[in-house]
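Dropping coords28.cif in here (mmCIF, C-alpha atoms):
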```
data_final
#
loop_
_atom_site.label_atom_id
_atom_site.label_comp_id
_atom_site.auth_asym_id
_atom_site.auth_seq_id
_atom_site.Cartn_x
_atom_site.Cartn_y
_atom_site.Cartn_z
CA MET Y 1 8.24 -46.33 -5.24
CA ASN Y 2 6.33 -47.40 -2.13
CA LEU Y 3 3.64 -44.85 -1.36
CA SER Y 4 2.94 -43.80 2.22
CA SER Y 5 -0.67 -44.44 3.17
CA ILE Y 6 -2.48 -41.57 4.95
CA LEU Y 7 -6.11 -41.51 6.14
CA PHE Y 8 -7.91 -38.17 6.60
CA VAL Y 9 -11.19 -38.03 8.56
CA ASP Y 10 -13.47 -34.98 8.67
CA ASP Y 11 -17.25 -34.63 8.58
CA SER Y 12 -16.97 -31.60 6.27
CA GLU Y 13 -16.93 -32.60 2.60
CA ASN Y 14 -15.57 -29.14 1.73
CA VAL Y 15 -12.56 -29.67 4.02
CA LEU Y 16 -11.90 -33.11 2.51
CA TRP Y 17 -12.24 -31.78 -1.03
CA GLY Y 18 -9.77 -28.98 -0.30
CA LEU Y 19 -7.27 -31.38 1.25
CA ARG Y 20 -7.56 -33.78 -1.68
CA ARG Y 21 -6.95 -31.00 -4.18
CA ARG Y 22 -3.96 -29.47 -2.35
CA LEU Y 23 -2.22 -32.71 -1.42
CA ARG Y 24 -2.46 -34.18 -4.92
CA SER Y 25 0.25 -31.79 -6.15
CA ALA Y 26 2.11 -31.17 -2.86
CA CYS Y 27 2.53 -34.81 -1.81
CA PRO Y 28 2.47 -37.15 -4.83
CA GLU Y 29 4.32 -39.75 -2.74
CA TRP Y 30 1.26 -40.23 -0.53
CA ASP Y 31 -1.62 -42.62 -1.10
CA ALA Y 32 -4.28 -40.50 0.61
CA THR Y 33 -7.75 -41.72 1.57
CA PHE Y 34 -10.52 -39.30 2.63
CA VAL Y 35 -13.59 -40.31 4.69
CA SER Y 36 -16.29 -38.29 6.44
CA SER Y 37 -17.01 -40.24 9.64
CA GLY Y 38 -15.38 -42.32 12.36
CA ALA Y 39 -17.38 -45.39 11.38
CA GLU Y 40 -16.24 -45.12 7.78
CA ALA Y 41 -12.65 -44.65 8.95
CA LEU Y 42 -12.73 -47.88 10.97
CA SER Y 43 -14.25 -49.69 8.01
CA VAL Y 44 -11.43 -48.71 5.63
CA CYS Y 45 -8.83 -49.46 8.34
CA ASP Y 46 -10.15 -53.02 8.39
CA GLU Y 47 -9.37 -53.28 4.68
CA HIS Y 48 -6.15 -51.24 4.36
CA THR Y 49 -3.06 -50.55 6.47
CA PHE Y 50 -2.40 -46.85 7.12
CA ASP Y 51 0.87 -45.29 8.22
CA VAL Y 52 -0.80 -42.15 9.62
CA ILE Y 53 -4.38 -41.16 10.48
CA VAL Y 54 -5.40 -37.48 10.72
CA THR Y 55 -8.82 -36.85 12.23
CA ASP Y 56 -10.96 -33.90 13.22
CA MET Y 57 -11.97 -33.93 16.90
CA LYS Y 58 -15.51 -32.57 16.76
CA MET Y 59 -17.64 -34.85 14.56
CA PRO Y 60 -21.22 -36.11 14.94
CA GLY Y 61 -21.64 -39.66 16.17
CA MET Y 62 -18.14 -40.98 16.82
CA ASP Y 63 -15.81 -38.05 17.55
CA GLY Y 64 -12.05 -37.99 16.99
CA GLY Y 65 -11.21 -39.02 20.53
CA GLU Y 66 -13.29 -42.20 20.34
CA LEU Y 67 -12.03 -42.96 16.84
CA LEU Y 68 -8.40 -42.76 17.93
CA LYS Y 69 -9.14 -44.94 20.94
CA GLN Y 70 -10.42 -47.67 18.64
CA VAL Y 71 -7.59 -47.17 16.14
CA GLN Y 72 -5.09 -47.49 18.99
CA ASN Y 73 -6.67 -50.73 20.19
CA LYS Y 74 -7.03 -52.33 16.76
CA PHE Y 75 -4.18 -50.77 14.76
CA PRO Y 76 -1.51 -49.60 17.26
CA ASP Y 77 1.15 -49.32 14.56
CA THR Y 78 -0.67 -46.36 12.96
CA ALA Y 79 0.61 -42.88 13.90
CA ARG Y 80 -2.21 -40.63 15.13
CA ILE Y 81 -2.84 -36.89 14.67
CA ILE Y 82 -5.91 -35.01 15.97
CA LEU Y 83 -7.18 -31.64 14.75
CA SER Y 84 -9.23 -29.54 17.14
CA GLY Y 85 -10.71 -26.07 16.99
CA PHE Y 86 -11.27 -25.75 20.73
CA SER Y 87 -8.95 -26.14 23.72
CA GLU Y 88 -10.99 -27.18 26.75
CA ASP Y 89 -9.19 -29.39 29.28
CA GLU Y 90 -11.66 -32.18 28.57
CA THR Y 91 -10.56 -32.32 24.93
CA ILE Y 92 -6.90 -32.61 25.88
CA LEU Y 93 -7.53 -35.23 28.55
CA ARG Y 94 -9.65 -37.40 26.29
CA THR Y 95 -6.86 -37.64 23.73
CA LEU Y 96 -3.85 -38.02 26.04
CA GLY Y 97 -2.03 -41.15 24.95
CA ARG Y 98 -4.38 -41.67 22.00
CA ALA Y 99 -3.11 -38.79 19.86
CA HIS Y 100 0.60 -38.61 19.14
CA ARG Y 101 0.24 -35.03 18.00
CA TYR Y 102 -2.26 -32.17 18.42
CA LEU Y 103 -2.79 -29.60 15.66
CA ALA Y 104 -4.97 -26.50 15.91
CA LYS Y 105 -7.81 -26.16 13.43
CA PRO Y 106 -7.78 -24.51 10.93
CA CYS Y 107 -4.34 -25.97 10.31
CA ASP Y 108 -1.82 -24.48 7.92
CA ASP Y 109 -1.03 -26.89 5.06
CA GLU Y 110 2.72 -26.64 5.66
CA ILE Y 111 2.38 -27.53 9.35
CA LEU Y 112 0.15 -30.50 8.58
CA ILE Y 113 2.36 -31.81 5.77
CA ASN Y 114 5.57 -31.38 7.78
CA SER Y 115 4.00 -33.13 10.78
CA ILE Y 116 3.00 -36.12 8.68
CA ARG Y 117 6.38 -36.27 6.94
CA GLN Y 118 8.25 -36.25 10.24
CA MET Y 119 6.07 -39.08 11.49
CA LEU Y 120 6.79 -41.07 8.34
CA ASP Y 121 10.53 -40.40 8.59
CA ILE Y 122 10.75 -41.44 12.24
CA ARG Y 123 9.32 -44.88 11.46
CA SER Y 124 12.71 -45.87 10.06
CA LEU Y 125 14.04 -45.97 13.65
CA LEU Y 126 11.74 -48.93 14.32
CA PRO Y 127 11.30 -50.67 10.96
CA GLU Y 128 9.45 -53.69 12.37
CA PRO Y 129 5.67 -53.05 12.64
CA HIS Y 130 5.29 -55.29 15.70
CA ILE Y 131 7.83 -53.18 17.60
CA ARG Y 132 6.04 -49.96 16.66
CA SER Y 133 2.84 -51.61 17.87
CA ILE Y 134 4.42 -52.12 21.30
CA ILE Y 135 4.75 -48.33 21.57
CA GLY Y 136 1.48 -47.49 19.86
CA ASN Y 137 -0.49 -49.67 22.28
CA ILE Y 138 0.65 -47.77 25.38
CA GLU Y 139 -1.90 -45.15 26.39
CA GLY Y 140 0.49 -42.93 28.28
CA LEU Y 141 3.65 -42.71 30.33
CA ALA Y 142 3.04 -43.51 33.98
CA SER Y 143 4.55 -41.36 36.72
CA PRO Y 144 6.23 -42.57 39.91
CA PRO Y 145 3.46 -42.80 42.54
CA ASP Y 146 4.55 -39.89 44.73
CA THR Y 147 4.77 -37.29 41.96
CA TYR Y 148 1.03 -36.88 41.57
CA LEU Y 149 0.49 -36.29 45.28
CA ARG Y 150 3.34 -33.81 45.59
CA LEU Y 151 2.34 -31.80 42.54
CA VAL Y 152 -1.37 -31.61 43.36
CA THR Y 153 -0.56 -30.59 46.94
CA ALA Y 154 1.74 -27.85 45.63
CA LEU Y 155 -0.81 -26.61 43.09
CA GLU Y 156 -3.49 -26.34 45.78
CA ASP Y 157 -1.24 -24.10 47.90
CA PRO Y 158 -2.17 -20.46 47.09
CA ASN Y 159 1.35 -19.36 48.05
CA VAL Y 160 3.25 -21.83 45.87
CA ASP Y 161 5.74 -20.31 43.43
CA SER Y 162 6.44 -21.40 39.87
CA ASP Y 163 9.93 -22.65 40.70
CA THR Y 164 8.51 -25.17 43.19
CA VAL Y 165 6.03 -26.52 40.64
CA SER Y 166 8.70 -26.64 37.93
CA ALA Y 167 11.06 -28.56 40.22
CA ILE Y 168 8.44 -31.23 40.88
CA VAL Y 169 7.61 -31.62 37.19
CA SER Y 170 11.26 -31.56 36.09
CA ALA Y 171 12.10 -34.44 38.44
CA ASP Y 172 9.66 -36.72 36.62
CA ILE Y 173 10.37 -38.06 33.13
CA ALA Y 174 6.73 -38.86 32.43
CA LEU Y 175 5.31 -35.44 33.32
CA THR Y 176 8.21 -33.65 31.63
CA ALA Y 177 7.59 -35.60 28.44
CA GLU Y 178 3.81 -35.17 28.48
CA ILE Y 179 3.90 -31.43 29.20
CA LEU Y 180 6.63 -30.67 26.66
CA LYS Y 181 4.78 -32.83 24.14
CA LEU Y 182 1.64 -30.78 24.63
CA THR Y 183 3.21 -27.32 24.58
CA ASN Y 184 5.43 -28.12 21.59
CA SER Y 185 2.51 -29.29 19.51
CA ALA Y 186 1.20 -26.94 16.86
CA TYR Y 187 -1.96 -26.86 18.97
CA PHE Y 188 -0.44 -23.93 20.87
CA SER Y 189 0.99 -22.32 17.70
CA VAL Y 190 4.31 -21.44 19.36
CA PRO Y 191 6.95 -20.16 16.88
CA THR Y 192 9.87 -22.00 18.53
CA LYS Y 193 10.28 -25.24 20.45
CA ILE Y 194 9.78 -24.96 24.22
CA THR Y 195 12.34 -26.82 26.33
CA SER Y 196 11.93 -24.98 29.65
CA ILE Y 197 9.44 -26.64 31.98
CA ASN Y 198 8.76 -23.28 33.65
CA HIS Y 199 7.88 -21.78 30.27
CA ALA Y 200 5.79 -24.84 29.36
CA ILE Y 201 3.79 -24.60 32.59
CA ARG Y 202 3.14 -20.91 31.97
CA MET Y 203 2.01 -21.81 28.45
CA ILE Y 204 -0.54 -24.48 29.37
CA GLY Y 205 -1.70 -22.84 32.62
CA THR Y 206 -2.18 -24.19 36.12
CA GLU Y 207 -5.60 -25.70 35.54
CA THR Y 208 -4.53 -27.71 32.51
CA LEU Y 209 -1.42 -28.86 34.37
CA LYS Y 210 -3.59 -29.94 37.31
CA SER Y 211 -5.95 -31.80 34.97
CA ILE Y 212 -3.12 -33.64 33.23
CA THR Y 213 -1.60 -34.55 36.58
CA LEU Y 214 -4.91 -35.81 37.92
CA PHE Y 215 -5.48 -37.87 34.79
CA MET Y 216 -2.04 -39.45 34.91
CA GLY Y 217 -2.13 -39.94 38.65
CA LEU Y 218 -5.55 -41.56 38.78
CA PHE Y 219 -5.49 -43.64 35.63
CA LYS Y 220 -1.83 -44.15 34.84
CA GLY Y 221 -0.46 -44.90 38.30
CA PHE Y 222 1.94 -47.82 38.33
CA GLU Y 223 0.66 -50.78 40.33
CA GLY Y 224 3.49 -53.23 39.76
CA PRO Y 225 6.19 -54.40 42.18
CA SER Y 226 7.69 -51.80 44.51
CA ILE Y 227 11.19 -52.65 43.29
CA VAL Y 228 10.20 -51.45 39.80
CA SER Y 229 8.66 -48.26 41.19
CA SER Y 230 11.87 -47.62 43.13
CA ARG Y 231 13.93 -48.24 40.00
CA MET Y 232 11.88 -45.71 38.07
CA SER Y 233 12.23 -43.06 40.78
CA THR Y 234 15.99 -43.59 40.62
CA LEU Y 235 15.89 -43.34 36.84
CA CYS Y 236 14.01 -40.02 37.04
CA ARG Y 237 16.57 -38.61 39.47
CA ARG Y 238 19.53 -39.88 37.44
CA SER Y 239 18.11 -38.51 34.18
CA GLN Y 240 17.72 -35.09 35.72
CA GLN Y 241 21.32 -35.19 36.97
CA ILE Y 242 22.51 -36.19 33.49
CA GLY Y 243 20.69 -33.27 31.88
CA VAL Y 244 22.10 -30.71 34.32
CA ALA Y 245 25.63 -32.14 34.10
CA ALA Y 246 25.51 -32.27 30.30
CA SER Y 247 24.39 -28.64 30.14
CA LEU Y 248 27.22 -27.52 32.42
CA ILE Y 249 29.79 -29.51 30.43
CA ALA Y 250 28.49 -27.94 27.21
CA GLU Y 251 28.73 -24.45 28.72
CA HIS Y 252 32.24 -25.24 29.97
CA GLU Y 253 33.22 -26.19 26.42
CA LYS Y 254 31.53 -23.05 25.06
CA LEU Y 255 29.07 -24.87 22.82
CA ASP Y 256 26.39 -22.70 21.23
CA LYS Y 257 23.61 -21.43 23.49
CA GLU Y 258 20.91 -23.44 21.75
CA ALA Y 259 22.74 -26.73 22.41
CA CYS Y 260 23.22 -25.82 26.08
CA ARG Y 261 19.57 -24.79 26.41
CA LEU Y 262 18.30 -28.10 25.02
CA LEU Y 263 20.40 -30.37 27.23
CA PRO Y 264 18.51 -30.29 30.57
CA ALA Y 265 15.28 -31.40 28.90
CA THR Y 266 17.15 -33.80 26.61
CA GLY Y 267 18.80 -35.44 29.61
CA MET Y 268 15.42 -35.96 31.24
CA LEU Y 269 13.97 -37.38 28.03
CA SER Y 270 16.96 -39.55 27.14
CA HIS Y 271 15.53 -42.48 29.11
CA VAL Y 272 11.89 -42.19 28.11
CA GLY Y 273 12.37 -45.51 26.33
CA SER Y 274 13.56 -47.12 29.57
CA LEU Y 275 10.52 -45.74 31.37
CA ILE Y 276 8.19 -47.23 28.76
CA LEU Y 277 9.77 -50.67 28.89
CA ASN Y 278 10.07 -50.86 32.67
CA LEU Y 279 6.61 -49.59 33.50
CA ASN Y 280 4.71 -51.46 30.83
CA TYR Y 281 6.81 -54.60 30.39
CA TYR Y 282 8.51 -54.89 33.76
CA GLU Y 283 8.39 -58.70 33.85
CA LYS Y 284 10.19 -58.87 30.52
CA MET Y 285 12.66 -56.23 31.69
CA GLU Y 286 13.50 -58.44 34.68
CA GLN Y 287 14.44 -61.06 32.10
CA ALA Y 288 16.63 -58.44 30.40
CA PHE Y 289 18.52 -57.74 33.62
CA GLU Y 290 19.00 -61.47 34.19
CA LEU Y 291 20.23 -61.80 30.61
CA MET Y 292 22.76 -59.03 31.20
CA GLU Y 293 24.22 -60.89 34.17
CA ARG Y 294 24.17 -64.34 32.60
CA LYS Y 295 25.64 -63.37 29.23
CA ASN Y 296 27.70 -60.39 30.45
CA ILE Y 297 26.11 -58.10 27.85
CA SER Y 298 24.85 -54.52 27.94
CA ILE Y 299 21.25 -53.51 28.61
CA ILE Y 300 21.08 -52.37 24.97
CA GLU Y 301 21.94 -55.88 23.74
CA ALA Y 302 19.58 -57.52 26.22
CA GLU Y 303 16.65 -55.28 25.21
CA LYS Y 304 17.26 -55.94 21.52
CA GLU Y 305 17.31 -59.68 22.14
CA LEU Y 306 13.97 -59.59 23.99
CA PHE Y 307 12.09 -56.74 22.27
CA GLY Y 308 13.78 -56.42 18.90
CA ALA Y 309 14.76 -52.83 19.78
CA SER Y 310 16.37 -50.99 22.70
CA HIS Y 311 15.33 -48.01 24.79
CA PRO Y 312 17.23 -45.29 22.82
CA GLU Y 313 15.45 -45.89 19.52
CA ILE Y 314 12.14 -46.63 21.25
CA GLY Y 315 12.33 -43.31 23.11
CA ALA Y 316 13.46 -41.41 20.01
CA TYR Y 317 10.64 -42.94 17.97
CA LEU Y 318 8.03 -41.78 20.47
CA LEU Y 319 9.53 -38.28 20.71
CA GLY Y 320 9.54 -38.11 16.91
CA LEU Y 321 5.85 -38.97 16.80
CA TRP Y 322 5.26 -36.20 19.30
CA GLY Y 323 7.07 -33.64 17.16
CA PHE Y 324 10.14 -32.89 19.26
CA ALA Y 325 13.06 -31.02 17.69
CA ASP Y 326 15.40 -33.14 15.57
CA PRO Y 327 18.48 -32.47 17.78
CA VAL Y 328 16.57 -33.89 20.78
CA ILE Y 329 15.44 -36.95 18.82
CA GLN Y 330 18.95 -37.56 17.53
CA ALA Y 331 20.47 -37.19 20.99
CA VAL Y 332 17.99 -39.64 22.52
CA ALA Y 333 18.51 -42.13 19.69
CA HIS Y 334 22.31 -42.05 19.96
CA HIS Y 335 23.04 -41.19 23.59
CA HIS Y 336 24.72 -44.58 24.04
CA CYS Y 337 26.69 -44.50 20.77
CA PRO Y 338 27.56 -41.00 19.48
CA ALA Y 339 30.58 -42.48 17.70
CA ASN Y 340 28.19 -44.00 15.15
CA LEU Y 341 27.46 -40.51 13.81
CA ALA Y 342 29.78 -38.73 11.44
CA GLY Y 343 31.77 -35.74 12.62
CA ASP Y 344 34.84 -35.03 14.74
CA GLU Y 345 33.67 -32.02 16.74
CA MET Y 346 32.08 -31.90 20.16
CA THR Y 347 28.30 -31.47 20.19
CA GLY Y 348 25.48 -31.46 22.72
CA LEU Y 349 25.20 -35.21 22.14
CA SER Y 350 28.86 -35.59 23.16
CA ALA Y 351 28.16 -33.76 26.43
CA LEU Y 352 25.09 -35.91 27.06
CA TYR Y 353 27.05 -39.12 26.41
CA VAL Y 354 29.88 -38.15 28.74
CA ALA Y 355 27.52 -36.89 31.46
CA GLN Y 356 25.58 -40.17 31.36
CA HIS Y 357 28.68 -42.31 31.89
CA LEU Y 358 30.33 -40.08 34.49
CA THR Y 359 27.11 -39.70 36.48
CA ARG Y 360 26.79 -43.48 36.75
CA GLU Y 361 30.47 -44.10 37.44
CA LEU Y 362 30.84 -41.41 40.11
CA SER Y 363 27.71 -42.71 41.81
CA MET Y 364 29.22 -46.21 42.01
CA PRO Y 365 32.59 -46.14 43.80
CA ALA Y 366 33.26 -49.76 42.85
CA VAL Y 367 33.73 -48.75 39.19
CA GLU Y 368 37.49 -48.72 38.62
CA GLU Y 369 37.66 -48.22 34.85
CA THR Y 370 35.60 -45.86 32.74
CA THR Y 371 33.16 -47.24 30.19
CA ILE Y 372 33.45 -44.11 28.07
CA ASP Y 373 34.56 -44.76 24.50
CA LEU Y 374 37.94 -43.03 24.77
CA SER Y 375 38.62 -43.39 21.05
CA TYR Y 376 35.51 -41.27 20.41
CA ILE Y 377 36.60 -38.65 22.98
CA LYS Y 378 40.00 -38.55 21.30
CA ARG Y 379 38.33 -38.21 17.89
CA ILE Y 380 36.53 -35.04 18.99
CA GLY Y 381 39.77 -33.71 20.49
CA LYS Y 382 38.65 -33.64 24.12
CA LYS Y 383 40.48 -36.50 25.84
CA GLU Y 384 42.44 -34.14 28.09
CA LYS Y 385 39.17 -32.57 29.28
CA LEU Y 386 37.87 -35.68 31.07
CA PRO Y 387 39.29 -34.68 34.51
CA GLU Y 388 37.56 -31.29 34.27
CA TRP Y 389 34.30 -32.94 33.26
CA CYS Y 390 34.59 -35.36 36.20
CA LYS Y 391 34.78 -32.39 38.56
CA ILE Y 392 31.69 -30.81 37.01
CA VAL Y 393 29.67 -34.01 37.32
CA GLY Y 394 30.95 -34.53 40.86
CA LEU Y 395 29.68 -31.08 41.86
CA VAL Y 396 26.28 -31.81 40.34
CA LEU Y 397 25.99 -35.10 42.26
CA GLU Y 398 27.09 -33.47 45.49
CA SER Y 399 24.49 -30.74 45.00
CA TYR Y 400 21.76 -33.36 44.56
CA ASN Y 401 22.99 -35.36 47.55
CA GLU Y 402 22.98 -32.23 49.71
CA SER Y 403 19.45 -31.43 48.55
CA GLY Y 404 18.39 -34.97 49.45
CA ARG Y 405 19.90 -34.69 52.92
CA LYS Y 406 18.06 -31.42 53.57
CA LYS Y 407 14.81 -32.97 52.36
CA GLY Y 408 15.35 -35.93 54.67
CA LYS Y 409 15.81 -33.63 57.68
CA SER Y 410 12.76 -31.51 56.94
#
```
Translate the structure described by the file into structure tokens.
Amino acid sequence: MNLSSILFVDDSENVLWGLRRRLRSACPEWDATFVSSGAEALSVCDEHTFDVIVTDMKMPGMDGGELLKQVQNKFPDTARIILSGFSEDETILRTLGRAHRYLAKPCDDEILINSIRQMLDIRSLLPEPHIRSIIGNIEGLASPPDTYLRLVTALEDPNVDSDTVSAIVSADIALTAEILKLTNSAYFSVPTKITSINHAIRMIGTETLKSITLFMGLFKGFEGPSIVSSRMSTLCRRSQQIGVAASLIAEHEKLDKEACRLLPATGMLSHVGSLILNLNYYEKMEQAFELMERKNISIIEAEKELFGASHPEIGAYLLGLWGFADPVIQAVAHHHCPANLAGDEMTGLSALYVAQHLTRELSMPAVEETTIDLSYIKRIGKKEKLPEWCKIVGLVLESYNESGRKKGKS
């Protein structure tokens, strides 16, 4: 049996001793290493490959934030967890992009173990270490340039309401992902997963939101070609439309409330992988688009040929590292191919898949034939519902177009 290799870093020998004792019986499948400083951690990383590193934040000399920065630069394939006993904005900002997951200290053993196990399980989505390194080496998700300015302006308005702030955040994949990542971490000790941006903003507070936005806007702003920036703005808008349409389709089909509640955020997050590839590897993505045209293949096939993986599994892998709910991860991983999963009943993933195709097709009048896998729709017993779903998606698109026209006149 191949053992998973985990590195624990804490300057307290008592903490390390307790972890060693408890994990020996609870996790015999782990090869755990325990060190008491950042310098020692880097030294053992030079000699051994670790799947996951768990470090305390507040340590003398090299703290957890600096340690994870160096681990990210030298060993980007390693999944990274930080433990912190204090919640100042500065702590959060210094670990954005470096830590995949935040856990409050003292941390319950079950939460810590489950977090590590989920990180280990999600690695199967991207089995090649060099592909995981592509993701691990990215410090954060960049936002479209105008989002930062609009959000900061809104937050500085004493009369702004929460719906206005939520609308700005919800229209941006990067901010949506980063804020939901933060609020769904065990750092905030919430009993259930948060999928509402409004709820998430209330949870982290205005000042933390402003700090995160400033950090991303100042240091993560995209400086590549304008055509790529425009493409990403379109992707943000389209992803939001997909989420809304999928939720309405799910409600129309009377799916359970939890599935309907997850879909708006899942739609936004479904193309996180595309955002990563386009913003950080836009020159290579241009090659992917050229490959699509030349070989008449899908973007999925083109991405796999150039990167070794495509945006669904890349996005799902990242969301798994961040600790998102399994239904969200599964939907992101399979939003292009739900037929690959077992089952013959309609699910939230089915609604997401249909909404994605119909949103694109209804936005492009030149499309004469649907690209939806009709055999899959027939398998789940919903083929006759396609006309009704088209109407729902059409209403969503018209609503967004009307909103855009009003914005243009104002």
>> Measuring between all atoms listed in the file, which one of Y:Val332, Y:Ile377, Y:Ala39, Y:Ile113 shows the shortest distance to Ser270 (chain Y)?
In response: Y:Val332
> Taking (25.1, -43.5, 27.8) in the file's coordinates as the center, which residues reach within 10 Å of it, counting all atoms listed in the file, put as a list in words?
Replying inline: Ile242, Ser270, His271, Pro312, Val332, His334, His335, His336, Cys337, Pro338, Ser350, Leu352, Tyr353, Val354, Ala355, Gln356, His357, Leu358, Thr359, Arg360, Thr371 and Ile372 of chain Y
> What gap, in Å, lies between CA of Ile111 (chain Y) and CA of Ser185 (chain Y)?
Replying inline: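 Answer for the CA of Ile111 (chain Y) to CA of Ser185 (chain Y) separation: 10.3 Å.
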>> Assuming the chain letters and numbering stay as they are in my file, what does the PyMOL selection byres ((chain Y and resi 36) around 9) actually select? List them as a PyMOL selection string.
In response: chain Y and resi 8-13+16+34-35+37-41+59
Could those selected residues go to a file with C-alpha atoms, as a PDB file, in the coordinates of the input?
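See selection.pdb below for the written result:
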```
ATOM      1  CA  PHE Y   8      -7.910 -38.170   6.600  1.00  0.00           C
ATOM      2  CA  VAL Y   9     -11.190 -38.030   8.560  1.00  0.00           C
ATOM      3  CA  ASP Y  10     -13.470 -34.980   8.670  1.00  0.00           C
ATOM      4  CA  ASP Y  11     -17.250 -34.630   8.580  1.00  0.00           C
ATOM      5  CA  SER Y  12     -16.970 -31.600   6.270  1.00  0.00           C
ATOM      6  CA  GLU Y  13     -16.930 -32.600   2.600  1.00  0.00           C
ATOM      7  CA  LEU Y  16     -11.900 -33.110   2.510  1.00  0.00           C
ATOM      8  CA  PHE Y  34     -10.520 -39.300   2.630  1.00  0.00           C
ATOM      9  CA  VAL Y  35     -13.590 -40.310   4.690  1.00  0.00           C
ATOM     10  CA  SER Y  37     -17.010 -40.240   9.640  1.00  0.00           C
ATOM     11  CA  GLY Y  38     -15.380 -42.320  12.360  1.00  0.00           C
ATOM     12  CA  ALA Y  39     -17.380 -45.390  11.380  1.00  0.00           C
ATOM     13  CA  GLU Y  40     -16.240 -45.120   7.780  1.00  0.00           C
ATOM     14  CA  ALA Y  41     -12.650 -44.650   8.950  1.00  0.00           C
ATOM     15  CA  MET Y  59     -17.640 -34.850  14.560  1.00  0.00           C
TER      16      MET Y  59
END
```
Write out as a tab-separated table the residues of region 81-182 of chain Y that have any atom within 8 Å of an atom of region 190-211 of chain Y, one row each with the nearest atom pair and its distance in Å to one decimal, counting only C-alpha atoms, sorted by chain and then rising number.
```
residue	atom	partner	partner_atom	distance
Y:Asp89	CA	Y:Thr208	CA	5.9
Y:Leu93	CA	Y:Ser211	CA	7.4
Y:Val152	CA	Y:Lys210	CA	6.7
Y:Leu155	CA	Y:Lys210	CA	7.2
Y:Ser162	CA	Y:Asn198	CA	6.9
Y:Asp163	CA	Y:Asn198	CA	7.2
Y:Ser166	CA	Y:Asn198	CA	5.4
Y:Val169	CA	Y:Ile197	CA	7.4
Y:Ser170	CA	Y:Ile197	CA	6.7
Y:Thr176	CA	Y:Ile197	CA	7.1
Y:Ile179	CA	Y:Ala200	CA	6.9
Y:Leu180	CA	Y:Ala200	CA	6.5
```
>> So, with all atoms listed in the file as the atoms that count, which of Y:Arg98, Y:Lys254, Y:His311, Y:Arg123 lies closest to Ile276 (chain Y)?
In response: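 The shortest atom-to-atom distance to Ile276 (chain Y) comes from Y:His311.
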> So, counting all atoms listed in the file, which residue among Y:Asn278, Y:Gly343, Y:His48, Y:Asp77 is closest to Arg231 (chain Y)?
Replying inline: Y:Asn278
>> Between CA of Val165 (chain Y) and CA of Pro225 (chain Y), what is the distance in Å, rounded to a tenth?
In response: 27.9 Å
> So, counting all atoms listed in the file, which residue among Y:Ser4, Y:Arg101, Y:Gln70, Y:Asn14 is closest to Leu319 (chain Y)?
Replying inline: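 Smallest separation from Leu319 (chain Y) among the options: Y:Arg101.
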>> For a quick check of your reading of the model, name the residues lying within 10 Å of the coordinate (19.4, -32.1, 25.3), counting only C-alpha atoms, and write them as a VMD selection string.
In response: chain Y and resid 195 242 to 244 246 to 247 258 to 270 325 327 to 332 335 348 to 349 351 to 352
Could you take the residues named above and write them with C-alpha atoms, as a PDB file, in the frame of the given file?
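Result went into selection14.pdb, see below:
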```pdb
ATOM      1  CA  THR Y 195      12.340 -26.820  26.330  1.00  0.00           C
ATOM      2  CA  ILE Y 242      22.510 -36.190  33.490  1.00  0.00           C
ATOM      3  CA  GLY Y 243      20.690 -33.270  31.880  1.00  0.00           C
ATOM      4  CA  VAL Y 244      22.100 -30.710  34.320  1.00  0.00           C
ATOM      5  CA  ALA Y 246      25.510 -32.270  30.300  1.00  0.00           C
ATOM      6  CA  SER Y 247      24.390 -28.640  30.140  1.00  0.00           C
ATOM      7  CA  GLU Y 258      20.910 -23.440  21.750  1.00  0.00           C
ATOM      8  CA  ALA Y 259      22.740 -26.730  22.410  1.00  0.00           C
ATOM      9  CA  CYS Y 260      23.220 -25.820  26.080  1.00  0.00           C
ATOM     10  CA  ARG Y 261      19.570 -24.790  26.410  1.00  0.00           C
ATOM     11  CA  LEU Y 262      18.300 -28.100  25.020  1.00  0.00           C
ATOM     12  CA  LEU Y 263      20.400 -30.370  27.230  1.00  0.00           C
ATOM     13  CA  PRO Y 264      18.510 -30.290  30.570  1.00  0.00           C
ATOM     14  CA  ALA Y 265      15.280 -31.400  28.900  1.00  0.00           C
ATOM     15  CA  THR Y 266      17.150 -33.800  26.610  1.00  0.00           C
ATOM     16  CA  GLY Y 267      18.800 -35.440  29.610  1.00  0.00           C
ATOM     17  CA  MET Y 268      15.420 -35.960  31.240  1.00  0.00           C
ATOM     18  CA  LEU Y 269      13.970 -37.380  28.030  1.00  0.00           C
ATOM     19  CA  SER Y 270      16.960 -39.550  27.140  1.00  0.00           C
ATOM     20  CA  ALA Y 325      13.060 -31.020  17.690  1.00  0.00           C
ATOM     21  CA  PRO Y 327      18.480 -32.470  17.780  1.00  0.00           C
ATOM     22  CA  VAL Y 328      16.570 -33.890  20.780  1.00  0.00           C
ATOM     23  CA  ILE Y 329      15.440 -36.950  18.820  1.00  0.00           C
ATOM     24  CA  GLN Y 330      18.950 -37.560  17.530  1.00  0.00           C
ATOM     25  CA  ALA Y 331      20.470 -37.190  20.990  1.00  0.00           C
ATOM     26  CA  VAL Y 332      17.990 -39.640  22.520  1.00  0.00           C
ATOM     27  CA  HIS Y 335      23.040 -41.190  23.590  1.00  0.00           C
ATOM     28  CA  GLY Y 348      25.480 -31.460  22.720  1.00  0.00           C
ATOM     29  CA  LEU Y 349      25.200 -35.210  22.140  1.00  0.00           C
ATOM     30  CA  ALA Y 351      28.160 -33.760  26.430  1.00  0.00           C
ATOM     31  CA  LEU Y 352      25.090 -35.910  27.060  1.00  0.00           C
TER      32      LEU Y 352
END
```
